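**Q** Please find query25.txt (compact mmCIF, N, CA and C atoms) on the next line:
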```txt
# COMPACT_ATOMS: atom_id res chain seq x y z
N VAL A 890 157.37 73.63 46.55
CA VAL A 890 157.25 73.89 45.14
C VAL A 890 156.39 75.14 44.97
N SER A 891 156.79 76.03 44.08
CA SER A 891 155.99 77.20 43.75
C SER A 891 155.63 77.15 42.27
N LEU A 892 154.34 77.28 41.98
CA LEU A 892 153.86 77.26 40.60
C LEU A 892 153.19 78.58 40.28
N LYS A 893 153.60 79.20 39.17
CA LYS A 893 152.93 80.42 38.74
C LYS A 893 151.67 80.03 37.98
N MET A 894 150.54 80.55 38.43
CA MET A 894 149.25 80.24 37.83
C MET A 894 148.90 81.31 36.81
N ILE A 895 147.87 81.07 36.00
CA ILE A 895 147.47 82.05 35.00
C ILE A 895 146.77 83.23 35.67
N ASP A 896 146.80 84.38 35.00
CA ASP A 896 146.05 85.55 35.47
C ASP A 896 144.56 85.25 35.34
N VAL A 897 143.77 85.80 36.24
CA VAL A 897 142.32 85.59 36.24
C VAL A 897 141.63 86.94 36.15
N GLU A 898 140.81 87.10 35.11
CA GLU A 898 140.13 88.37 34.91
C GLU A 898 138.63 88.28 35.16
N ASP A 899 138.02 87.22 34.75
CA ASP A 899 136.55 87.12 34.83
C ASP A 899 136.14 86.22 35.99
N ILE A 900 135.48 86.81 36.98
CA ILE A 900 134.92 86.03 38.08
C ILE A 900 133.43 86.33 38.15
N GLU A 901 132.66 85.30 37.95
CA GLU A 901 131.20 85.42 38.07
C GLU A 901 130.84 85.22 39.54
N LYS A 902 130.14 86.18 40.11
CA LYS A 902 129.72 86.09 41.51
C LYS A 902 128.21 85.95 41.58
N GLY A 903 127.75 84.94 42.30
CA GLY A 903 126.32 84.72 42.48
C GLY A 903 126.02 84.47 43.94
N PRO A 904 124.78 84.22 44.28
CA PRO A 904 124.44 83.97 45.68
C PRO A 904 125.07 82.67 46.19
N GLY A 905 126.08 82.81 47.04
CA GLY A 905 126.73 81.65 47.64
C GLY A 905 127.77 80.96 46.79
N TYR A 906 128.15 81.55 45.66
CA TYR A 906 129.14 80.90 44.80
C TYR A 906 129.91 81.92 43.97
N CYS A 907 131.04 81.47 43.43
CA CYS A 907 131.79 82.17 42.39
C CYS A 907 132.13 81.14 41.32
N TYR A 908 132.29 81.61 40.10
CA TYR A 908 132.67 80.72 39.00
C TYR A 908 133.76 81.41 38.20
N MET A 909 134.83 80.68 37.89
CA MET A 909 135.95 81.26 37.16
C MET A 909 136.79 80.16 36.52
N ASP A 910 137.69 80.59 35.64
CA ASP A 910 138.64 79.68 35.01
C ASP A 910 140.03 80.04 35.49
N THR A 911 140.66 79.13 36.19
CA THR A 911 142.02 79.34 36.70
C THR A 911 143.01 78.40 35.98
N GLY A 912 142.62 77.98 34.80
CA GLY A 912 143.35 76.96 34.06
C GLY A 912 142.43 75.79 33.78
N SER A 913 141.44 75.65 34.63
CA SER A 913 140.30 74.74 34.50
C SER A 913 139.11 75.48 35.08
N PRO A 914 137.91 75.16 34.60
CA PRO A 914 136.73 75.85 35.16
C PRO A 914 136.44 75.36 36.58
N HIS A 915 136.12 76.33 37.45
CA HIS A 915 135.83 76.00 38.85
C HIS A 915 134.61 76.74 39.35
N TYR A 916 133.69 75.98 39.90
CA TYR A 916 132.54 76.50 40.62
C TYR A 916 132.92 76.41 42.09
N VAL A 917 132.95 77.55 42.78
CA VAL A 917 133.35 77.60 44.19
C VAL A 917 132.13 77.97 45.01
N ALA A 918 131.72 77.08 45.91
CA ALA A 918 130.54 77.32 46.74
C ALA A 918 130.96 77.46 48.20
N PHE A 919 130.32 78.39 48.89
CA PHE A 919 130.60 78.63 50.30
C PHE A 919 129.73 77.70 51.14
N GLU A 920 130.37 76.95 52.03
CA GLU A 920 129.68 75.94 52.84
C GLU A 920 130.17 76.04 54.28
N ALA A 921 129.25 76.15 55.22
CA ALA A 921 129.61 76.38 56.62
C ALA A 921 130.28 75.19 57.30
N ASN A 922 129.87 73.96 57.02
CA ASN A 922 130.41 72.81 57.71
C ASN A 922 130.90 71.76 56.72
N LEU A 923 132.16 71.82 56.37
CA LEU A 923 132.71 70.91 55.36
C LEU A 923 132.88 69.48 55.88
N LYS A 924 133.06 69.31 57.17
CA LYS A 924 133.31 67.97 57.71
C LYS A 924 132.09 67.06 57.63
N LYS A 925 130.90 67.62 57.79
CA LYS A 925 129.68 66.82 57.79
C LYS A 925 128.85 67.08 56.54
N PHE A 926 129.53 67.25 55.44
CA PHE A 926 128.88 67.67 54.21
C PHE A 926 128.97 66.55 53.18
N ASP A 927 127.86 66.21 52.52
CA ASP A 927 127.84 65.18 51.47
C ASP A 927 128.30 65.82 50.16
N ILE A 928 129.61 65.88 49.99
CA ILE A 928 130.20 66.57 48.84
C ILE A 928 129.81 65.91 47.52
N ILE A 929 129.76 64.60 47.46
CA ILE A 929 129.50 63.91 46.20
C ILE A 929 128.12 64.27 45.66
N LYS A 930 127.11 64.16 46.48
CA LYS A 930 125.74 64.44 46.05
C LYS A 930 125.59 65.88 45.58
N LYS A 931 126.06 66.82 46.38
CA LYS A 931 125.91 68.24 46.04
C LYS A 931 126.76 68.60 44.82
N ALA A 932 128.00 68.11 44.76
CA ALA A 932 128.89 68.43 43.64
C ALA A 932 128.33 67.90 42.32
N ARG A 933 127.83 66.69 42.34
CA ARG A 933 127.28 66.12 41.11
C ARG A 933 126.05 66.87 40.63
N SER A 934 125.26 67.41 41.57
CA SER A 934 124.09 68.20 41.16
C SER A 934 124.51 69.48 40.44
N ILE A 935 125.67 70.00 40.77
CA ILE A 935 126.21 71.20 40.10
C ILE A 935 126.92 70.80 38.81
N ARG A 936 127.82 69.85 38.90
CA ARG A 936 128.64 69.43 37.75
C ARG A 936 127.77 68.94 36.58
N TYR A 937 126.66 68.26 36.89
CA TYR A 937 125.82 67.70 35.83
C TYR A 937 124.55 68.51 35.56
N ASN A 938 124.47 69.74 36.08
CA ASN A 938 123.28 70.53 35.75
C ASN A 938 123.35 70.96 34.29
N SER A 939 122.30 71.54 33.77
CA SER A 939 122.23 71.86 32.34
C SER A 939 123.33 72.82 31.89
N ARG A 940 123.76 73.71 32.76
CA ARG A 940 124.79 74.67 32.38
C ARG A 940 126.15 74.01 32.17
N PHE A 941 126.52 73.08 33.03
CA PHE A 941 127.88 72.52 33.02
C PHE A 941 127.97 71.11 32.45
N ARG A 942 126.86 70.45 32.20
CA ARG A 942 126.85 69.03 31.83
C ARG A 942 127.81 68.70 30.69
N GLU A 943 127.76 69.46 29.61
CA GLU A 943 128.54 69.10 28.41
C GLU A 943 130.04 69.24 28.62
N GLU A 944 130.50 70.41 29.03
CA GLU A 944 131.94 70.65 29.20
C GLU A 944 132.43 70.18 30.56
N GLY A 945 131.56 70.29 31.56
CA GLY A 945 131.93 69.93 32.93
C GLY A 945 132.57 71.09 33.66
N THR A 946 132.58 70.99 34.95
CA THR A 946 133.28 71.94 35.81
C THR A 946 133.72 71.22 37.06
N ASN A 947 134.82 71.67 37.62
CA ASN A 947 135.22 71.22 38.94
C ASN A 947 134.37 71.97 39.95
N VAL A 948 134.10 71.34 41.08
CA VAL A 948 133.27 71.96 42.10
C VAL A 948 134.03 71.95 43.42
N ASN A 949 134.17 73.15 44.00
CA ASN A 949 134.90 73.30 45.26
C ASN A 949 133.96 73.85 46.32
N PHE A 950 134.06 73.29 47.51
CA PHE A 950 133.30 73.79 48.65
C PHE A 950 134.31 74.34 49.65
N ILE A 951 134.07 75.55 50.12
CA ILE A 951 135.06 76.21 50.96
C ILE A 951 134.43 76.81 52.21
N CYS A 952 135.27 76.96 53.22
CA CYS A 952 134.87 77.59 54.47
C CYS A 952 136.09 78.33 55.02
N LEU A 953 135.97 79.63 55.24
CA LEU A 953 137.04 80.43 55.80
C LEU A 953 136.92 80.41 57.31
N GLU A 954 137.98 79.92 57.97
CA GLU A 954 138.02 79.87 59.43
C GLU A 954 139.24 80.65 59.89
N GLY A 955 139.01 81.87 60.35
CA GLY A 955 140.11 82.74 60.77
C GLY A 955 140.98 83.09 59.58
N ASP A 956 142.27 82.76 59.68
CA ASP A 956 143.20 83.07 58.59
C ASP A 956 143.55 81.84 57.76
N GLN A 957 142.67 80.84 57.77
CA GLN A 957 142.89 79.63 56.98
C GLN A 957 141.61 79.25 56.25
N LEU A 958 141.77 78.93 54.97
CA LEU A 958 140.65 78.51 54.15
C LEU A 958 140.65 76.98 54.08
N HIS A 959 139.49 76.38 54.29
CA HIS A 959 139.35 74.93 54.18
C HIS A 959 138.60 74.63 52.88
N ILE A 960 139.02 73.56 52.21
CA ILE A 960 138.45 73.24 50.90
C ILE A 960 138.27 71.75 50.73
N ARG A 961 137.21 71.39 50.02
CA ARG A 961 137.00 70.03 49.52
C ARG A 961 136.66 70.18 48.04
N THR A 962 137.23 69.31 47.22
CA THR A 962 137.12 69.46 45.77
C THR A 962 136.63 68.19 45.09
N TYR A 963 135.68 68.38 44.19
CA TYR A 963 135.17 67.33 43.30
C TYR A 963 135.68 67.69 41.91
N GLU A 964 136.43 66.78 41.29
CA GLU A 964 137.02 67.07 39.98
C GLU A 964 136.31 66.35 38.84
N ARG A 965 136.02 67.12 37.80
CA ARG A 965 135.47 66.53 36.58
C ARG A 965 136.54 65.61 36.00
N GLY A 966 136.13 64.62 35.29
CA GLY A 966 137.08 63.63 34.76
C GLY A 966 137.33 62.53 35.76
N VAL A 967 137.68 62.89 36.98
CA VAL A 967 137.81 61.92 38.06
C VAL A 967 136.40 61.52 38.51
N GLU A 968 135.50 62.51 38.50
CA GLU A 968 134.10 62.37 38.90
C GLU A 968 133.96 61.88 40.35
N ASP A 969 134.84 62.46 41.19
CA ASP A 969 134.83 62.12 42.61
C ASP A 969 135.63 63.18 43.35
N GLU A 970 135.65 63.07 44.66
CA GLU A 970 136.44 63.99 45.47
C GLU A 970 137.92 63.63 45.33
N THR A 971 138.77 64.65 45.28
CA THR A 971 140.21 64.45 45.22
C THR A 971 140.86 65.10 46.45
N LEU A 972 142.09 64.74 46.73
CA LEU A 972 142.77 65.24 47.92
C LEU A 972 143.17 66.71 47.79
N ALA A 973 143.48 67.15 46.59
CA ALA A 973 143.85 68.56 46.37
C ALA A 973 143.82 68.83 44.87
N CYS A 974 143.59 70.09 44.53
CA CYS A 974 143.56 70.52 43.14
C CYS A 974 144.12 71.94 43.10
N GLY A 975 145.25 72.12 42.44
CA GLY A 975 145.91 73.42 42.42
C GLY A 975 145.08 74.53 41.83
N THR A 976 144.42 74.26 40.71
CA THR A 976 143.58 75.31 40.11
C THR A 976 142.35 75.58 40.96
N GLY A 977 141.88 74.56 41.68
CA GLY A 977 140.74 74.73 42.57
C GLY A 977 141.10 75.52 43.81
N ILE A 978 142.27 75.26 44.37
CA ILE A 978 142.73 76.01 45.53
C ILE A 978 142.94 77.47 45.17
N THR A 979 143.48 77.71 43.98
CA THR A 979 143.63 79.07 43.49
C THR A 979 142.27 79.75 43.36
N ALA A 980 141.32 79.08 42.74
CA ALA A 980 139.97 79.63 42.57
C ALA A 980 139.33 79.95 43.92
N ALA A 981 139.53 79.08 44.89
CA ALA A 981 138.94 79.28 46.22
C ALA A 981 139.46 80.55 46.88
N VAL A 982 140.76 80.75 46.83
CA VAL A 982 141.36 81.94 47.43
C VAL A 982 140.86 83.21 46.73
N LEU A 983 140.82 83.18 45.41
CA LEU A 983 140.34 84.35 44.68
C LEU A 983 138.87 84.60 44.97
N ALA A 984 138.09 83.55 45.18
CA ALA A 984 136.66 83.71 45.49
C ALA A 984 136.46 84.42 46.82
N VAL A 985 137.20 84.04 47.86
CA VAL A 985 137.01 84.73 49.14
C VAL A 985 137.50 86.16 49.09
N HIS A 986 138.51 86.42 48.27
CA HIS A 986 138.98 87.79 48.12
C HIS A 986 137.99 88.62 47.31
N ALA A 987 137.54 88.07 46.19
CA ALA A 987 136.61 88.80 45.30
C ALA A 987 135.28 89.12 45.96
N THR A 988 134.88 88.31 46.93
CA THR A 988 133.61 88.54 47.64
C THR A 988 133.80 89.34 48.92
N GLY A 989 135.02 89.81 49.16
CA GLY A 989 135.28 90.67 50.31
C GLY A 989 135.39 89.96 51.65
N GLN A 990 135.50 88.64 51.66
CA GLN A 990 135.61 87.90 52.90
C GLN A 990 137.03 87.88 53.45
N PHE A 991 137.99 88.25 52.59
CA PHE A 991 139.40 88.25 52.95
C PHE A 991 140.06 89.43 52.25
N LYS A 992 140.87 90.19 52.97
CA LYS A 992 141.45 91.42 52.42
C LYS A 992 142.93 91.30 52.06
N GLY A 993 143.63 90.27 52.50
CA GLY A 993 145.07 90.16 52.27
C GLY A 993 145.42 89.76 50.85
N ASN A 994 146.71 89.46 50.64
CA ASN A 994 147.17 89.04 49.31
C ASN A 994 147.82 87.65 49.32
N HIS A 995 147.65 86.92 50.43
CA HIS A 995 148.09 85.52 50.49
C HIS A 995 147.26 84.83 51.56
N LEU A 996 147.03 83.55 51.35
CA LEU A 996 146.17 82.81 52.26
C LEU A 996 146.58 81.34 52.29
N ASP A 997 146.59 80.76 53.50
CA ASP A 997 146.84 79.33 53.66
C ASP A 997 145.54 78.58 53.39
N VAL A 998 145.67 77.43 52.73
CA VAL A 998 144.50 76.63 52.38
C VAL A 998 144.73 75.20 52.86
N LYS A 999 143.77 74.69 53.62
CA LYS A 999 143.84 73.31 54.11
C LYS A 999 142.95 72.44 53.24
N ALA A 1000 143.59 71.62 52.42
CA ALA A 1000 142.89 70.65 51.58
C ALA A 1000 142.95 69.28 52.26
N GLN A 1001 142.21 68.32 51.74
CA GLN A 1001 142.24 66.96 52.29
C GLN A 1001 143.67 66.40 52.25
N GLY A 1002 144.44 66.79 51.24
CA GLY A 1002 145.78 66.27 51.06
C GLY A 1002 146.88 67.05 51.73
N GLY A 1003 146.57 68.18 52.38
CA GLY A 1003 147.61 68.93 53.06
C GLY A 1003 147.41 70.44 52.98
N LEU A 1004 148.41 71.15 53.45
CA LEU A 1004 148.37 72.61 53.54
C LEU A 1004 149.11 73.25 52.38
N LEU A 1005 148.46 74.20 51.72
CA LEU A 1005 149.06 74.94 50.61
C LEU A 1005 148.86 76.43 50.86
N LYS A 1006 149.50 77.25 50.02
CA LYS A 1006 149.37 78.70 50.14
C LYS A 1006 149.21 79.30 48.75
N VAL A 1007 148.38 80.32 48.65
CA VAL A 1007 148.23 81.06 47.40
C VAL A 1007 148.57 82.51 47.68
N LYS A 1008 149.44 83.08 46.82
CA LYS A 1008 149.80 84.50 46.87
C LYS A 1008 149.34 85.12 45.55
N PHE A 1009 148.95 86.38 45.58
CA PHE A 1009 148.44 87.03 44.37
C PHE A 1009 148.53 88.54 44.49
N GLU A 1010 148.35 89.20 43.36
CA GLU A 1010 148.22 90.65 43.32
C GLU A 1010 146.91 90.98 42.63
N GLN A 1011 146.18 91.92 43.19
CA GLN A 1011 144.96 92.38 42.54
C GLN A 1011 145.36 93.40 41.48
N SER A 1012 144.71 93.35 40.33
CA SER A 1012 144.99 94.29 39.24
C SER A 1012 143.68 94.94 38.81
N PRO A 1013 143.74 95.97 38.00
CA PRO A 1013 142.50 96.59 37.52
C PRO A 1013 141.59 95.61 36.76
N LEU A 1014 142.19 94.58 36.16
CA LEU A 1014 141.41 93.61 35.39
C LEU A 1014 141.01 92.37 36.19
N GLY A 1015 141.60 92.18 37.36
CA GLY A 1015 141.32 90.99 38.15
C GLY A 1015 142.48 90.64 39.05
N TYR A 1016 143.15 89.52 38.75
CA TYR A 1016 144.25 89.04 39.58
C TYR A 1016 145.41 88.60 38.69
N GLU A 1017 146.64 88.88 39.17
CA GLU A 1017 147.84 88.52 38.43
C GLU A 1017 148.94 88.12 39.41
N ASN A 1018 150.05 87.65 38.86
CA ASN A 1018 151.16 87.17 39.70
C ASN A 1018 150.65 86.23 40.79
N ILE A 1019 149.89 85.26 40.36
CA ILE A 1019 149.29 84.29 41.28
C ILE A 1019 150.26 83.11 41.43
N TRP A 1020 150.59 82.80 42.66
CA TRP A 1020 151.51 81.70 42.95
C TRP A 1020 150.87 80.71 43.89
N LEU A 1021 150.98 79.44 43.56
CA LEU A 1021 150.53 78.34 44.40
C LEU A 1021 151.77 77.68 44.99
N GLU A 1022 151.81 77.56 46.31
CA GLU A 1022 152.98 76.99 46.97
C GLU A 1022 152.58 75.84 47.89
N GLY A 1023 153.42 74.81 47.90
CA GLY A 1023 153.18 73.69 48.80
C GLY A 1023 154.17 72.58 48.58
N PRO A 1024 154.09 71.56 49.40
CA PRO A 1024 155.03 70.45 49.28
C PRO A 1024 154.68 69.53 48.10
N ALA A 1025 155.68 68.90 47.55
CA ALA A 1025 155.48 67.85 46.55
C ALA A 1025 155.79 66.54 47.25
N GLU A 1026 154.82 65.64 47.24
CA GLU A 1026 155.00 64.38 47.94
C GLU A 1026 154.71 63.20 47.01
N TYR A 1027 155.51 62.17 47.13
CA TYR A 1027 155.33 60.93 46.40
C TYR A 1027 154.18 60.17 47.05
N VAL A 1028 153.10 59.93 46.31
CA VAL A 1028 151.93 59.29 46.92
C VAL A 1028 151.54 57.96 46.27
N PHE A 1029 152.14 57.61 45.15
CA PHE A 1029 151.69 56.40 44.49
C PHE A 1029 152.78 55.86 43.57
N LYS A 1030 152.88 54.55 43.48
CA LYS A 1030 153.75 53.88 42.53
C LYS A 1030 152.96 52.75 41.92
N GLY A 1031 153.03 52.63 40.62
CA GLY A 1031 152.31 51.56 39.93
C GLY A 1031 153.18 50.85 38.93
N THR A 1032 152.87 49.60 38.67
CA THR A 1032 153.59 48.81 37.68
C THR A 1032 152.56 48.09 36.82
N ILE A 1033 152.80 48.12 35.52
CA ILE A 1033 151.93 47.41 34.58
C ILE A 1033 152.79 46.41 33.81
N ASN A 1034 152.40 45.17 33.84
CA ASN A 1034 153.08 44.13 33.07
C ASN A 1034 152.25 43.86 31.81
N VAL A 1035 152.88 43.95 30.64
CA VAL A 1035 152.18 43.72 29.38
C VAL A 1035 152.67 42.44 28.76
```
Hey, can you dump this file as structure tokens for me?
**A**
Amino acid sequence: VSLKMIDVEDIEKGPGYCYMDTGSPHYVAFEANLKKFDIIKKARSIRYNSRFREEGTNVNFICLEGDQLHIRTYERGVEDETLACGTGITAAVLAVHATGQFKGNHLDVKAQGGLLKVKFEQSPLGYENIWLEGPAEYVFKGTINV
């Protein structure tokens, strides 16, 4: 499945993080070891700080390993880690590009739920023609009797 994402113009860059809106607000933090990382504790400290408490933000932790980006995502509303988030994966790829850690125009991303790819074009205003690609998989079936 290929999804065209919104253009992104404003990326806030700070020490160890980027913040942007890719359809939802995303705080993207760079973390060296995602496997042994307490995502819930750290994500909640960001999501519920004074800046984001009212509206909320999704929090993504990323690590670039060679030509593959690894990501773990905490989503507002769910208030927990999720297997994948399309707007978060998009934000993560743009964050590594905007900070000069990656020079190409497409990148594979390994989320808890699987492998995805983001393609984009850099523009004078930011990023455009952003595409998120990956498999669509049936993961849940529910029935409610009323």
**Q** Gly993 of chain A: which residues within 12 Å, counting only C-alpha atoms, same-chain residues fewer than 3 positions away excluded, as a count of residues only?
**A** 16
**Q** Please identify all polymer residues within 9 Å of Pro914 of chain A, counting only C-alpha atoms, omitting same-chain residues fewer than 5 positions from it, and present them as a PyMOL selection string.
**A** chain A and resi 908-909+945-948+976-977+980
**Q** Name all residues at most 7 Å from Thr962 of chain A (count only N, CA and C atoms; drop same-chain ones fewer than 2 positions away) and give them as a PyMOL selection string.
**A** chain A and resi 947-950+960+964+969-974+1001
**Q** A:Val917, A:Lys902, A:Arg942, A:Pro1013: which is nearest Ala981 of chain A, counting all atoms listed in the file?
**A**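 Counting all atoms listed in the file, the residue closest to Ala981 of chain A is A:Val917.
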**Q** Excluding segment 1019-1035 of chain A and residues on its chain fewer than 3 positions from it, collect all residues at most 8 Å away from it, counting only N, CA and C atoms, and give them as a PyMOL selection string.
**A** chain A and resi 890-897+975+978-979+1003-1010+1016
**Q** For segment 915-936 of chain A, where the input has fewer atoms than it should, I would like N, CA, C and O atoms rebuilt and written as a JSON list (two decimals), in the frame of the given file.
**A**
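Final output, saved to part_22.json:
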```json
[["chain", "number", "residue", "atom", "x", "y", "z"],
["A", 915, "HIS", "N", 136.12, 76.33, 37.45],
["A", 915, "HIS", "CA", 135.83, 76.00, 38.85],
["A", 915, "HIS", "C", 134.61, 76.74, 39.35],
["A", 915, "HIS", "O", 134.53, 77.96, 39.23],
["A", 916, "TYR", "N", 133.69, 75.98, 39.90],
["A", 916, "TYR", "CA", 132.54, 76.50, 40.62],
["A", 916, "TYR", "C", 132.92, 76.41, 42.09],
["A", 916, "TYR", "O", 133.22, 75.33, 42.61],
["A", 917, "VAL", "N", 132.95, 77.55, 42.78],
["A", 917, "VAL", "CA", 133.35, 77.60, 44.19],
["A", 917, "VAL", "C", 132.13, 77.97, 45.01],
["A", 917, "VAL", "O", 131.57, 79.06, 44.85],
["A", 918, "ALA", "N", 131.72, 77.08, 45.91],
["A", 918, "ALA", "CA", 130.54, 77.32, 46.74],
["A", 918, "ALA", "C", 130.96, 77.46, 48.20],
["A", 918, "ALA", "O", 131.85, 76.75, 48.68],
["A", 919, "PHE", "N", 130.32, 78.39, 48.89],
["A", 919, "PHE", "CA", 130.60, 78.63, 50.30],
["A", 919, "PHE", "C", 129.73, 77.70, 51.14],
["A", 919, "PHE", "O", 128.52, 77.65, 50.97],
["A", 920, "GLU", "N", 130.37, 76.95, 52.03],
["A", 920, "GLU", "CA", 129.68, 75.94, 52.84],
["A", 920, "GLU", "C", 130.17, 76.04, 54.28],
["A", 920, "GLU", "O", 131.37, 76.02, 54.53],
["A", 921, "ALA", "N", 129.25, 76.15, 55.22],
["A", 921, "ALA", "CA", 129.61, 76.38, 56.62],
["A", 921, "ALA", "C", 130.28, 75.19, 57.30],
["A", 921, "ALA", "O", 131.20, 75.36, 58.08],
["A", 922, "ASN", "N", 129.87, 73.96, 57.02],
["A", 922, "ASN", "CA", 130.41, 72.81, 57.71],
["A", 922, "ASN", "C", 130.90, 71.76, 56.72],
["A", 922, "ASN", "O", 130.13, 70.89, 56.29],
["A", 923, "LEU", "N", 132.16, 71.82, 56.37],
["A", 923, "LEU", "CA", 132.71, 70.91, 55.36],
["A", 923, "LEU", "C", 132.88, 69.48, 55.88],
["A", 923, "LEU", "O", 132.86, 68.54, 55.09],
["A", 924, "LYS", "N", 133.06, 69.31, 57.17],
["A", 924, "LYS", "CA", 133.31, 67.97, 57.71],
["A", 924, "LYS", "C", 132.09, 67.06, 57.63],
["A", 924, "LYS", "O", 132.21, 65.87, 57.42],
["A", 925, "LYS", "N", 130.90, 67.62, 57.79],
["A", 925, "LYS", "CA", 129.68, 66.82, 57.79],
["A", 925, "LYS", "C", 128.85, 67.08, 56.54],
["A", 925, "LYS", "O", 127.63, 67.09, 56.59],
["A", 926, "PHE", "N", 129.53, 67.25, 55.44],
["A", 926, "PHE", "CA", 128.88, 67.67, 54.21],
["A", 926, "PHE", "C", 128.97, 66.55, 53.18],
["A", 926, "PHE", "O", 130.04, 65.99, 52.97],
["A", 927, "ASP", "N", 127.86, 66.21, 52.52],
["A", 927, "ASP", "CA", 127.84, 65.18, 51.47],
["A", 927, "ASP", "C", 128.30, 65.82, 50.16],
["A", 927, "ASP", "O", 127.50, 66.26, 49.34],
["A", 928, "ILE", "N", 129.61, 65.88, 49.99],
["A", 928, "ILE", "CA", 130.20, 66.57, 48.84],
["A", 928, "ILE", "C", 129.81, 65.91, 47.52],
["A", 928, "ILE", "O", 129.55, 66.60, 46.53],
["A", 929, "ILE", "N", 129.76, 64.60, 47.46],
["A", 929, "ILE", "CA", 129.50, 63.91, 46.20],
["A", 929, "ILE", "C", 128.12, 64.27, 45.66],
["A", 929, "ILE", "O", 127.97, 64.65, 44.50],
["A", 930, "LYS", "N", 127.11, 64.16, 46.48],
["A", 930, "LYS", "CA", 125.74, 64.44, 46.05],
["A", 930, "LYS", "C", 125.59, 65.88, 45.58],
["A", 930, "LYS", "O", 125.06, 66.15, 44.50],
["A", 931, "LYS", "N", 126.06, 66.82, 46.38],
["A", 931, "LYS", "CA", 125.91, 68.24, 46.04],
["A", 931, "LYS", "C", 126.76, 68.60, 44.82],
["A", 931, "LYS", "O", 126.31, 69.32, 43.93],
["A", 932, "ALA", "N", 128.00, 68.11, 44.76],
["A", 932, "ALA", "CA", 128.89, 68.43, 43.64],
["A", 932, "ALA", "C", 128.33, 67.90, 42.32],
["A", 932, "ALA", "O", 128.36, 68.58, 41.30],
["A", 933, "ARG", "N", 127.83, 66.69, 42.34],
["A", 933, "ARG", "CA", 127.28, 66.12, 41.11],
["A", 933, "ARG", "C", 126.05, 66.87, 40.63],
["A", 933, "ARG", "O", 125.83, 67.01, 39.43],
["A", 934, "SER", "N", 125.26, 67.41, 41.57],
["A", 934, "SER", "CA", 124.09, 68.20, 41.16],
["A", 934, "SER", "C", 124.51, 69.48, 40.44],
["A", 934, "SER", "O", 123.80, 69.98, 39.57],
["A", 935, "ILE", "N", 125.67, 70.00, 40.77],
["A", 935, "ILE", "CA", 126.21, 71.20, 40.10],
["A", 935, "ILE", "C", 126.92, 70.80, 38.81],
["A", 935, "ILE", "O", 126.66, 71.34, 37.74],
["A", 936, "ARG", "N", 127.82, 69.85, 38.90],
["A", 936, "ARG", "CA", 128.64, 69.43, 37.75],
["A", 936, "ARG", "C", 127.77, 68.94, 36.58],
["A", 936, "ARG", "O", 128.09, 69.15, 35.43]]
```
